[in-house]
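So this block is work36.txt, compact mmCIF, C-alpha atoms and all ligand atoms:
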# COMPACT_ATOMS: atom_id res chain seq x y z
CA MET J 1 6.10 -23.03 -4.12
CA ASP J 2 9.16 -20.87 -3.94
CA GLN J 3 11.66 -22.86 -1.91
CA GLY J 4 13.68 -19.85 -0.94
CA ASN J 5 16.50 -18.07 -2.59
CA SER J 6 20.06 -19.25 -2.43
CA SER J 7 21.56 -15.79 -2.98
CA SER J 8 23.83 -14.32 -0.30
CA SER J 9 21.15 -11.79 0.62
CA ALA J 10 18.93 -14.69 1.74
CA SER J 11 21.58 -16.39 3.85
CA SER J 12 22.50 -13.14 5.63
CA PHE J 13 18.92 -12.01 6.01
CA THR J 14 17.87 -10.83 9.47
CA SER J 15 14.35 -9.55 9.68
CA ALA J 16 13.10 -6.70 11.84
CA MET J 17 11.09 -9.37 13.70
CA ASN J 18 14.33 -11.26 14.52
CA LEU J 19 15.89 -8.09 15.90
CA ASP J 20 12.81 -7.34 17.99
CA GLN J 21 12.85 -10.88 19.38
CA GLN J 22 16.52 -10.47 20.32
CA GLY J 23 15.48 -7.53 22.52
CA ILE J 24 18.06 -5.09 21.16
CA SER J 25 18.25 -1.57 22.64
CA SER J 26 19.60 0.20 19.56
CA ILE J 27 19.08 -0.48 15.88
CA PRO J 28 21.84 -1.73 13.56
CA GLN J 29 23.48 0.94 11.42
CA ARG J 30 21.93 -0.33 8.19
CA TYR J 31 18.52 0.86 9.43
CA VAL J 32 19.66 4.36 10.40
CA LEU J 33 18.48 7.04 7.99
CA PRO J 34 20.38 10.26 7.27
CA PRO J 35 18.94 13.03 9.51
CA SER J 36 17.06 14.71 6.64
CA GLN J 37 15.04 11.54 5.98
CA ARG J 38 14.15 10.70 9.58
CA PRO J 39 10.55 10.96 10.72
CA ASN J 40 9.72 14.03 12.77
CA ILE J 41 8.18 12.25 15.66
CA ILE J 42 7.51 13.88 18.98
CA HIS J 43 7.44 11.79 22.12
CA GLU J 44 4.91 12.69 24.74
CA ASP J 45 4.82 10.25 27.63
CA GLU J 46 6.14 7.57 25.26
CA HIS J 47 3.35 8.14 22.75
CA VAL J 48 4.01 9.24 19.24
CA VAL J 49 1.71 12.10 18.32
CA PRO J 50 0.86 13.24 14.82
CA LEU J 51 3.07 15.90 13.34
CA LEU J 52 0.18 17.96 12.09
CA PRO J 53 -3.28 17.31 13.46
CA THR J 54 -5.66 18.03 10.59
CA SER J 55 -9.13 16.98 9.74
CA LEU J 56 -8.87 14.39 7.04
CA PRO J 57 -11.73 13.00 4.97
CA ILE J 58 -13.78 10.09 6.31
CA ILE J 59 -16.46 9.05 3.83
CA ASP J 60 -19.50 7.07 4.92
CA LEU J 61 -20.47 4.61 2.16
CA ALA J 62 -23.76 3.56 3.81
CA ASP J 63 -26.68 3.58 1.34
CA PHE J 64 -24.45 4.25 -1.63
CA HIS J 65 -27.05 2.50 -3.85
CA ASP J 66 -29.46 5.31 -3.09
CA GLN J 67 -29.14 7.79 -5.99
CA SER J 68 -29.04 11.01 -3.96
CA ARG J 69 -26.64 9.51 -1.36
CA ARG J 70 -24.43 8.29 -4.18
CA TYR J 71 -24.28 11.79 -5.62
CA GLN J 72 -23.13 13.17 -2.22
CA ILE J 73 -20.56 10.41 -1.81
CA ILE J 74 -19.13 11.05 -5.27
CA ASN J 75 -18.77 14.74 -4.43
CA GLN J 76 -16.92 13.85 -1.23
CA ILE J 77 -14.66 11.47 -3.15
CA ARG J 78 -13.91 14.18 -5.74
CA ASN J 79 -12.97 16.68 -3.01
CA ALA J 80 -10.80 14.18 -1.15
CA CYS J 81 -9.02 13.05 -4.33
CA ASN J 82 -8.38 16.64 -5.41
CA GLN J 83 -7.16 17.79 -2.04
CA PHE J 84 -5.29 14.79 -0.64
CA GLY J 85 -5.29 11.80 -3.02
CA PHE J 86 -6.58 9.70 -0.17
CA PHE J 87 -9.57 9.24 2.14
CA GLN J 88 -10.89 6.77 4.69
CA VAL J 89 -14.15 4.85 4.23
CA ILE J 90 -16.57 3.60 6.87
CA ASN J 91 -19.65 1.41 6.39
CA HIS J 92 -17.77 -0.05 3.44
CA GLY J 93 -19.52 -3.42 3.60
CA ILE J 94 -16.60 -5.53 4.87
CA ASP J 95 -17.40 -7.24 8.15
CA GLN J 96 -15.25 -6.42 11.16
CA SER J 97 -14.82 -10.18 11.67
CA ALA J 98 -13.31 -10.59 8.17
CA MET J 99 -10.81 -7.82 8.93
CA ASP J 100 -9.98 -9.20 12.40
CA GLU J 101 -9.48 -12.74 11.09
CA ALA J 102 -7.15 -11.56 8.31
CA LEU J 103 -5.09 -9.61 10.87
CA GLU J 104 -4.99 -12.63 13.18
CA ALA J 105 -3.71 -14.83 10.35
CA ALA J 106 -1.06 -12.20 9.58
CA ASP J 107 0.01 -12.09 13.24
CA GLU J 108 0.30 -15.88 13.36
CA PHE J 109 2.24 -15.97 10.11
CA PHE J 110 4.85 -13.43 11.27
CA ASN J 111 5.19 -15.30 14.58
CA LEU J 112 6.29 -18.48 12.78
CA PRO J 113 9.91 -19.54 13.21
CA HIS J 114 12.30 -17.57 11.00
CA GLU J 115 13.36 -20.68 9.03
CA GLU J 116 9.79 -21.44 8.08
CA LYS J 117 9.12 -17.94 6.76
CA MET J 118 12.45 -18.01 4.92
CA ARG J 119 11.11 -20.78 2.68
CA LEU J 120 9.10 -18.01 1.05
CA PHE J 121 11.92 -15.48 1.02
CA SER J 122 12.71 -13.77 -2.25
CA ASP J 123 13.88 -10.38 -3.40
CA ASP J 124 12.68 -11.01 -6.95
CA VAL J 125 9.76 -8.60 -7.42
CA HIS J 126 8.30 -10.88 -10.10
CA LYS J 127 7.63 -13.73 -7.66
CA PRO J 128 3.87 -14.19 -7.09
CA VAL J 129 4.41 -14.92 -3.37
CA ARG J 130 7.34 -13.62 -1.39
CA TYR J 131 8.41 -12.91 2.13
CA GLY J 132 10.98 -10.22 2.76
CA THR J 133 11.99 -7.00 4.34
CA SER J 134 13.05 -3.64 2.92
CA LEU J 135 12.36 -3.27 -0.81
CA ASN J 136 15.96 -2.46 -1.58
CA HIS J 137 18.01 -4.66 0.67
CA ALA J 138 19.36 -6.61 -2.31
CA ARG J 139 21.20 -3.48 -3.37
CA ASP J 140 22.67 -2.88 0.06
CA GLU J 141 20.64 0.23 0.67
CA ILE J 142 19.09 1.36 3.92
CA PHE J 143 16.72 -1.20 5.38
CA CYS J 144 13.20 -0.53 6.57
CA TRP J 145 11.92 -1.71 9.95
CA ARG J 146 9.39 -4.00 8.30
CA ASP J 147 8.78 -7.62 7.40
CA PHE J 148 6.24 -8.35 4.71
CA ILE J 149 4.60 -11.08 2.78
CA LYS J 150 3.21 -10.14 -0.61
CA HIS J 151 1.03 -12.27 -2.83
CA TYR J 152 -1.19 -12.00 -5.83
CA SER J 153 -4.76 -12.48 -4.79
CA HIS J 154 -7.18 -12.09 -7.70
CA PRO J 155 -8.65 -14.23 -9.07
CA LEU J 156 -8.22 -16.12 -5.83
CA SER J 157 -8.40 -19.59 -7.40
CA ASP J 158 -5.31 -18.84 -9.51
CA TRP J 159 -3.12 -17.93 -6.55
CA ILE J 160 -4.36 -19.24 -3.20
CA HIS J 161 -2.57 -22.62 -3.53
CA LEU J 162 0.75 -20.71 -3.54
CA TRP J 163 0.03 -18.81 -0.32
CA PRO J 164 1.45 -19.87 3.05
CA SER J 165 -0.13 -23.10 4.29
CA ASN J 166 0.81 -22.24 7.87
CA PRO J 167 -0.92 -21.00 10.01
CA PRO J 168 -3.68 -23.38 8.88
CA THR J 169 -6.28 -20.58 8.92
CA TYR J 170 -4.19 -18.31 6.68
CA ARG J 171 -5.64 -19.14 3.27
CA LYS J 172 -9.26 -19.07 4.41
CA SER J 173 -9.03 -15.91 6.50
CA MET J 174 -6.83 -13.94 4.11
CA GLY J 175 -8.80 -15.26 1.13
CA ASN J 176 -12.14 -14.08 2.54
CA TYR J 177 -10.70 -10.65 3.19
CA ALA J 178 -9.04 -10.46 -0.25
CA GLU J 179 -12.33 -11.23 -2.00
CA ALA J 180 -14.26 -8.71 0.07
CA VAL J 181 -11.70 -5.99 -0.71
CA GLN J 182 -11.76 -6.82 -4.42
CA GLU J 183 -15.52 -6.25 -4.37
CA LEU J 184 -15.08 -2.95 -2.55
CA GLN J 185 -12.52 -1.79 -5.13
CA ASN J 186 -15.06 -2.41 -7.91
CA LYS J 187 -17.53 -0.07 -6.15
CA LEU J 188 -14.89 2.52 -5.41
CA MET J 189 -13.47 2.53 -8.92
CA GLU J 190 -16.96 3.18 -10.35
CA MET J 191 -17.40 6.12 -8.03
CA ILE J 192 -13.92 7.49 -8.67
CA PHE J 193 -14.49 7.30 -12.45
CA GLU J 194 -17.80 9.06 -11.99
CA SER J 195 -16.10 11.74 -9.88
CA LEU J 196 -13.82 12.42 -12.87
CA GLY J 197 -16.82 12.80 -15.19
CA LEU J 198 -16.17 9.40 -16.80
CA ASN J 199 -18.73 6.65 -17.27
CA PRO J 200 -18.87 4.57 -14.03
CA SER J 201 -18.24 1.46 -16.11
CA TYR J 202 -15.22 3.04 -17.79
CA LEU J 203 -12.77 0.31 -18.88
CA GLY J 204 -15.55 -2.22 -18.09
CA GLU J 205 -14.24 -5.69 -17.33
CA GLU J 206 -10.67 -4.42 -17.02
CA VAL J 207 -11.45 -3.16 -13.52
CA ASN J 208 -12.46 -6.49 -12.01
CA GLY J 209 -10.15 -8.42 -14.34
CA GLY J 210 -7.06 -6.58 -13.14
CA SER J 211 -4.49 -7.56 -10.58
CA GLN J 212 -4.72 -7.47 -6.79
CA LEU J 213 -1.54 -7.75 -4.76
CA LEU J 214 -1.90 -8.07 -1.00
CA SER J 215 1.07 -6.64 0.88
CA ILE J 216 0.84 -7.74 4.48
CA ASN J 217 3.20 -5.65 6.56
CA CYS J 218 4.48 -6.28 10.07
CA TYR J 219 6.35 -3.46 11.81
CA PRO J 220 7.76 -4.74 15.10
CA ALA J 221 8.24 -2.36 18.02
CA CYS J 222 11.45 -0.44 17.46
CA PRO J 223 13.83 0.82 20.17
CA GLU J 224 14.76 3.92 18.12
CA PRO J 225 11.74 4.91 16.02
CA GLY J 226 13.10 8.39 15.39
CA LEU J 227 16.04 7.05 13.37
CA THR J 228 14.32 4.80 10.89
CA LEU J 229 11.11 4.15 8.95
CA GLY J 230 8.84 1.15 8.47
CA ILE J 231 8.55 1.89 4.77
CA HIS J 232 10.30 4.59 2.77
CA PRO J 233 8.36 7.32 0.96
CA HIS J 234 6.78 6.00 -2.25
CA SER J 235 3.59 6.08 -4.25
CA ASP J 236 1.79 2.86 -5.14
CA TYR J 237 1.87 1.91 -8.82
CA GLY J 238 -1.73 0.80 -9.24
CA SER J 239 -5.11 2.41 -9.59
CA ILE J 240 -6.06 2.40 -5.90
CA THR J 241 -4.77 0.85 -2.70
CA ILE J 242 -7.14 -0.13 0.10
CA LEU J 243 -5.37 -0.37 3.44
CA LEU J 244 -6.27 -1.77 6.84
CA GLN J 245 -4.08 -0.69 9.76
CA THR J 246 -4.02 -1.81 13.42
CA ARG J 247 -2.67 1.46 14.76
CA SER J 248 -1.52 4.78 13.35
CA GLY J 249 1.79 4.98 11.53
CA LEU J 250 0.83 5.70 7.93
CA GLU J 251 1.78 9.23 6.85
CA PHE J 252 1.26 11.02 3.57
CA LYS J 253 2.81 14.10 2.04
CA ASP J 254 0.34 16.96 1.68
CA LYS J 255 0.36 19.67 -0.98
CA SER J 256 2.64 21.85 1.17
CA ASN J 257 5.15 18.98 1.43
CA ASN J 258 4.39 18.28 5.10
CA TRP J 259 4.07 14.75 6.43
CA VAL J 260 0.63 14.18 7.89
CA GLN J 261 -0.33 11.16 9.97
CA VAL J 262 -3.45 9.25 8.92
CA PRO J 263 -5.40 8.79 12.14
CA LEU J 264 -6.55 5.34 13.15
CA VAL J 265 -10.33 5.16 12.75
CA GLU J 266 -11.77 1.96 14.19
CA GLY J 267 -13.29 -0.20 11.42
CA ALA J 268 -12.28 2.19 8.62
CA LEU J 269 -10.21 1.41 5.53
CA VAL J 270 -7.81 3.87 3.94
CA VAL J 271 -8.11 4.42 0.17
CA GLN J 272 -5.10 5.89 -1.64
CA LEU J 273 -4.73 6.82 -5.29
CA GLY J 274 -1.88 5.18 -7.18
CA ASP J 275 0.16 6.10 -10.25
CA GLN J 276 -2.25 4.46 -12.72
CA MET J 277 -5.00 6.77 -11.46
CA GLU J 278 -2.80 9.85 -11.82
CA VAL J 279 -1.98 8.87 -15.41
CA LEU J 280 -5.53 7.82 -16.29
CA SER J 281 -6.93 11.10 -14.94
CA ASN J 282 -4.24 12.98 -16.90
CA GLY J 283 -3.02 14.51 -13.65
CA VAL J 284 -6.42 15.74 -12.42
CA TYR J 285 -5.83 13.44 -9.46
CA LYS J 286 -2.36 12.81 -8.06
CA SER J 287 -1.04 9.59 -6.58
CA VAL J 288 -0.24 10.01 -2.93
CA ILE J 289 3.31 9.81 -1.56
CA HIS J 290 3.26 7.97 1.72
CA ARG J 291 5.51 6.25 4.26
CA ALA J 292 5.11 4.36 7.53
CA THR J 293 6.72 5.24 10.84
CA VAL J 294 7.37 2.75 13.61
CA ASN J 295 6.92 3.05 17.34
CA VAL J 296 8.54 1.92 20.59
CA ASP J 297 5.66 0.22 22.31
CA GLU J 298 3.82 -2.10 20.00
CA LYS J 299 3.92 -4.09 16.76
CA ARG J 300 1.85 -2.58 13.98
CA PHE J 301 0.24 -4.48 11.11
CA SER J 302 -1.15 -3.22 7.87
CA ILE J 303 -2.73 -5.07 4.97
CA ALA J 304 -2.42 -3.06 1.78
CA SER J 305 -4.47 -4.33 -1.15
CA LEU J 306 -2.87 -2.88 -4.27
CA HIS J 307 -5.22 -2.93 -7.24
CA SER J 308 -4.08 -2.37 -10.77
CA PHE J 309 -5.08 -3.11 -14.31
CA ALA J 310 -3.86 -6.40 -15.79
CA MET J 311 -0.11 -6.99 -16.02
CA ASP J 312 0.22 -6.03 -19.69
CA LYS J 313 -2.63 -3.55 -19.97
CA LYS J 314 -1.17 -0.18 -20.95
CA ILE J 315 -2.81 2.68 -19.07
CA GLY J 316 -2.69 6.17 -20.52
CA PRO J 317 -4.72 9.34 -19.96
CA ALA J 318 -8.46 8.83 -20.65
CA LYS J 319 -9.21 10.43 -24.01
CA GLU J 320 -12.28 12.10 -22.47
CA LEU J 321 -9.89 14.06 -20.21
CA VAL J 322 -7.53 15.23 -22.95
CA ASP J 323 -8.25 18.26 -25.13
CA ASP J 324 -6.61 21.50 -26.27
CA GLN J 325 -6.87 23.01 -22.77
CA SER J 326 -5.65 19.82 -21.08
CA PRO J 327 -3.08 18.21 -23.34
CA LYS J 328 -1.86 14.70 -22.67
CA CYS J 329 0.61 14.86 -19.76
CA TYR J 330 1.79 11.25 -19.40
CA ASN J 331 2.93 8.33 -21.50
CA GLU J 332 1.17 5.01 -21.13
CA PHE J 333 2.51 2.27 -18.91
CA SER J 334 1.70 -1.23 -17.74
CA PHE J 335 2.18 -2.96 -14.40
CA ARG J 336 4.90 -5.13 -16.04
CA GLU J 337 6.83 -2.00 -17.01
CA PHE J 338 6.62 -0.76 -13.43
CA LEU J 339 8.05 -4.08 -12.16
CA ARG J 340 10.92 -3.77 -14.63
CA PHE J 341 11.57 -0.24 -13.36
CA ILE J 342 11.68 -1.21 -9.68
CA SER J 343 13.99 -4.13 -10.29
CA ASN J 344 16.47 -1.81 -12.02
CA ASN J 345 16.16 1.41 -10.01
CA ASP J 346 16.25 2.57 -6.44
CA ILE J 347 12.68 3.79 -6.00
CA THR J 348 13.54 5.71 -2.85
CA LYS J 349 15.50 8.04 -5.13
CA GLU J 350 13.77 7.84 -8.50
CA ARG J 351 10.05 7.94 -8.91
CA PHE J 352 8.57 5.78 -11.65
CA LEU J 353 5.91 8.38 -12.44
CA ASP J 354 8.58 10.94 -13.32
CA SER J 355 9.69 8.70 -16.19
CA LEU J 356 6.19 8.88 -17.69
CA ARG J 357 5.61 12.61 -17.49
CA ILE J 358 5.47 14.45 -20.83
CA MET J 359 4.63 17.77 -19.21
CA LYS J 360 3.48 19.08 -15.82
CA PRO J 361 -0.30 18.71 -15.52
O1 LIG J 401 1.83 0.17 6.40
C1 LIG J 401 1.44 1.18 5.86
O2 LIG J 401 0.70 1.98 6.41
C2 LIG J 401 1.87 1.48 4.44
C3 LIG J 401 2.10 0.26 3.58
C4 LIG J 401 2.38 0.61 2.17
O3 LIG J 401 2.55 1.74 1.81
C5 LIG J 401 2.49 -0.44 1.14
O4 LIG J 401 2.44 -1.65 1.49
O5 LIG J 401 2.61 -0.08 -0.06
FE FE J 402 2.33 1.95 -0.32
Any chance you could put this one into structure tokens?
Ligand SMILES: O=C(O)CCC(=O)C(=O)O
Ligand SMILES: [Fe+2]
Amino acid sequence: MDQGNSSSSASSFTSAMNLDQQGISSIPQRYVLPPSQRPNIIHEDEHVVPLLPTSLPIIDLADFHDQSRRYQIINQIRNACNQFGFFQVINHGIDQSAMDEALEAADEFFNLPHEEKMRLFSDDVHKPVRYGTSLNHARDEIFCWRDFIKHYSHPLSDWIHLWPSNPPTYRKSMGNYAEAVQELQNKLMEMIFESLGLNPSYLGEEVNGGSQLLSINCYPACPEPGLTLGIHPHSDYGSITILLQTRSGLEFKDKSNNWVQVPLVEGALVVQLGDQMEVLSNGVYKSVIHRATVNVDEKRFSIASLHSFAMDKKIGPAKELVDDQSPKCYNEFSFREFLRFISNNDITKERFLDSLRIMKP
């Protein structure tokens, strides 16, 4: 197990949770964003309301084995991916109790004493299990109001022994959820491939044999939510991300460059397209740029399950989607290359996908 990191960033590390527990009334300067990057939140009787109320896609996966239902669902997925790059799913087959237990384990983990969590601290993005805060704090950039623990999760037997052993329920509860989400991603990937006109078993075993990284995020209540963010704007690197949230806070950038809040739908999971899907689809679908805001009244948790193809599998545009009318728009890349990029670049300023683009799709 990672016994912590002796670098100066570890010894001076104060998490957002620490600050919340200290009961501060204003946030330290290192969390304050320049005005142009602050969230546009509106306070109405202390409640944060969405910037732009819109009707966003909620797709019911019930009876997806039924051929005619499946056809309708695939059409809805195609529309949602074209229009937004994200959708929510209900009746997705994951029990409410599995979601609740995973969130409970997350809550208990983040409530552990600081010193105990710090044993898992690392800012090395290659570590299979790591606890930390803002992605870029090692480079002295602006912090995010977020603590996280990230760990590889598939296949579970390869990784679970590295996960936190405290709280005692953590491995079982998070493991059950991780396996259920992995199964859901297999179904969703088949349907997304089909929505692109590809064979549902496109890339075959590569889909279930890929990587799953769980990013468990804790955003404590924040005294000045208008000055900072829980997570800076970014797109996820993988094929899809499946996200569970305890309250609203996730926002995505729509085609007109407006930030739109993803509403909390009880029991639903959010599905977002990542960079590998944009590249694989040759730009037919776009990965979604998203961020998380924080709020004054209550801690928010999210569990993002980031799915991608195996570490060294190069993903390029599907040859079925490239022809004279639609020439190849992106170079191939692997998850390992993405990790190299984020350890050398500030991803709040440079987008990995831009380095792959040959031409505008
Ligand atoms: O907490 C959220 O809603 C977003 C989390 C996220 O974007 C991530 O973990 O990559
Ligand atoms: Fe993300």
Discussion item. For ligand LIG 401 (chain J), return the neighbouring residues as a list in words (distance at most 8 Å; all atoms listed in the file).
Written reply: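 After applying the 8 Å limit, what remains is Ser215, Ile216, Asn217, Cys218, Tyr219, Gly230, Ile231, His234, Ser235, Asp236, Thr241, Leu243, Leu244, Gln245, Ser248, Gly249, Leu250, Glu251, His290, Arg291, Ala292, Phe301, Ser302, Ile303, Ala304, Ser305 and Leu306 of chain J.
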Same residues, C-alpha atoms, saved as a PDB file, in the frame of the given file:
ATOM      1  CA  SER J 215       1.070  -6.640   0.880  1.00  0.00           C
ATOM      2  CA  ILE J 216       0.840  -7.740   4.480  1.00  0.00           C
ATOM      3  CA  ASN J 217       3.200  -5.650   6.560  1.00  0.00           C
ATOM      4  CA  CYS J 218       4.480  -6.280  10.070  1.00  0.00           C
ATOM      5  CA  TYR J 219       6.350  -3.460  11.810  1.00  0.00           C
ATOM      6  CA  GLY J 230       8.840   1.150   8.470  1.00  0.00           C
ATOM      7  CA  ILE J 231       8.550   1.890   4.770  1.00  0.00           C
ATOM      8  CA  HIS J 234       6.780   6.000  -2.250  1.00  0.00           C
ATOM      9  CA  SER J 235       3.590   6.080  -4.250  1.00  0.00           C
ATOM     10  CA  ASP J 236       1.790   2.860  -5.140  1.00  0.00           C
ATOM     11  CA  THR J 241      -4.770   0.850  -2.700  1.00  0.00           C
ATOM     12  CA  LEU J 243      -5.370  -0.370   3.440  1.00  0.00           C
ATOM     13  CA  LEU J 244      -6.270  -1.770   6.840  1.00  0.00           C
ATOM     14  CA  GLN J 245      -4.080  -0.690   9.760  1.00  0.00           C
ATOM     15  CA  SER J 248      -1.520   4.780  13.350  1.00  0.00           C
ATOM     16  CA  GLY J 249       1.790   4.980  11.530  1.00  0.00           C
ATOM     17  CA  LEU J 250       0.830   5.700   7.930  1.00  0.00           C
ATOM     18  CA  GLU J 251       1.780   9.230   6.850  1.00  0.00           C
ATOM     19  CA  HIS J 290       3.260   7.970   1.720  1.00  0.00           C
ATOM     20  CA  ARG J 291       5.510   6.250   4.260  1.00  0.00           C
ATOM     21  CA  ALA J 292       5.110   4.360   7.530  1.00  0.00           C
ATOM     22  CA  PHE J 301       0.240  -4.480  11.110  1.00  0.00           C
ATOM     23  CA  SER J 302      -1.150  -3.220   7.870  1.00  0.00           C
ATOM     24  CA  ILE J 303      -2.730  -5.070   4.970  1.00  0.00           C
ATOM     25  CA  ALA J 304      -2.420  -3.060   1.780  1.00  0.00           C
ATOM     26  CA  SER J 305      -4.470  -4.330  -1.150  1.00  0.00           C
ATOM     27  CA  LEU J 306      -2.870  -2.880  -4.270  1.00  0.00           C
TER      28      LEU J 306
END
Fill in: Length of the atom CA of J:Phe84 to atom CA of J:Glu183 vector [Å]
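Rounded to one decimal, the two atoms are 23.7 Å apart.
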Item to complete: Can you work out which one of J:Lys255, J:His65, J:Lys313, J:Arg70 has the shortest atom-to-atom distance to J:Arg336, counting only C-alpha atoms?
Response: J:Lys313
Worksheet entry | Which of J:Ile73, J:Leu213, J:Leu56, J:Ala105 sits closest to J:Tyr152 [using all atoms listed in the file] |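 Using all atoms listed in the file, the shortest distance to J:Tyr152 belongs to J:Leu213.
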Discussion item. Between J:Ala16, J:Gly175, J:Tyr202, J:Ile142, which residue has the minimum interatomic distance to J:Ser157, considering only C-alpha atoms?
Written reply: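 Of J:Ala16, J:Gly175, J:Tyr202, J:Ile142, the one nearest J:Ser157 is J:Gly175, counting only C-alpha atoms.
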Worksheet item: So how many Å separate atom CA of J:Gln182 and atom CA of J:Leu273, to one decimal?
Response: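 One can read the atom CA of J:Gln182 to atom CA of J:Leu273 distance as 15.4 Å.
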Worksheet item: Any idea what's packed within 9 Å of J:Tyr131, counting only C-alpha atoms, ignoring anything in its chain fewer than 4 positions away? Could you give it as a list in words?
Response: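 Listed by chain and then number, they are Lys117, Met118, Arg119, Leu120, Phe121, Ser122, Asp123, Asp147, Phe148, Ile149, Lys150 and His151 of chain J.
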Kindly save the residues from that selection, with C-alpha atoms included, as a short mmCIF file (atom, residue, chain, number, x, y, z; two decimals), keeping the file's coordinate frame.
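Writing the result to out-v9.cif gives the following:
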data_model
loop_
_atom_site.label_atom_id
_atom_site.label_comp_id
_atom_site.auth_asym_id
_atom_site.auth_seq_id
_atom_site.Cartn_x
_atom_site.Cartn_y
_atom_site.Cartn_z
CA LYS J 117 9.12 -17.94 6.76
CA MET J 118 12.45 -18.01 4.92
CA ARG J 119 11.11 -20.78 2.68
CA LEU J 120 9.10 -18.01 1.05
CA PHE J 121 11.92 -15.48 1.02
CA SER J 122 12.71 -13.77 -2.25
CA ASP J 123 13.88 -10.38 -3.40
CA ASP J 147 8.78 -7.62 7.40
CA PHE J 148 6.24 -8.35 4.71
CA ILE J 149 4.60 -11.08 2.78
CA LYS J 150 3.21 -10.14 -0.61
CA HIS J 151 1.03 -12.27 -2.83
#
Worksheet item: For ligand FE 402 (chain J), which residue out of J:Ile242, J:Asn282, J:Ser355, J:Gln276 is the nearest one, using all atoms listed in the file?
Response: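 Counting all atoms listed in the file, the residue closest to ligand FE 402 (chain J) is J:Ile242.
Taking only C-alpha atoms and all ligand atoms into account, ligand FE 402 (chain J) lies nearest to J:His232 out of the set J:His232, J:Lys286, J:Arg351, J:Lys253.
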Worksheet item: Which of these, J:Gln83, J:Ser287, J:Ser343, J:Asn295, has the shortest distance to ligand FE 402 (chain J) once you count only C-alpha atoms and all ligand atoms?
Response: J:Ser287
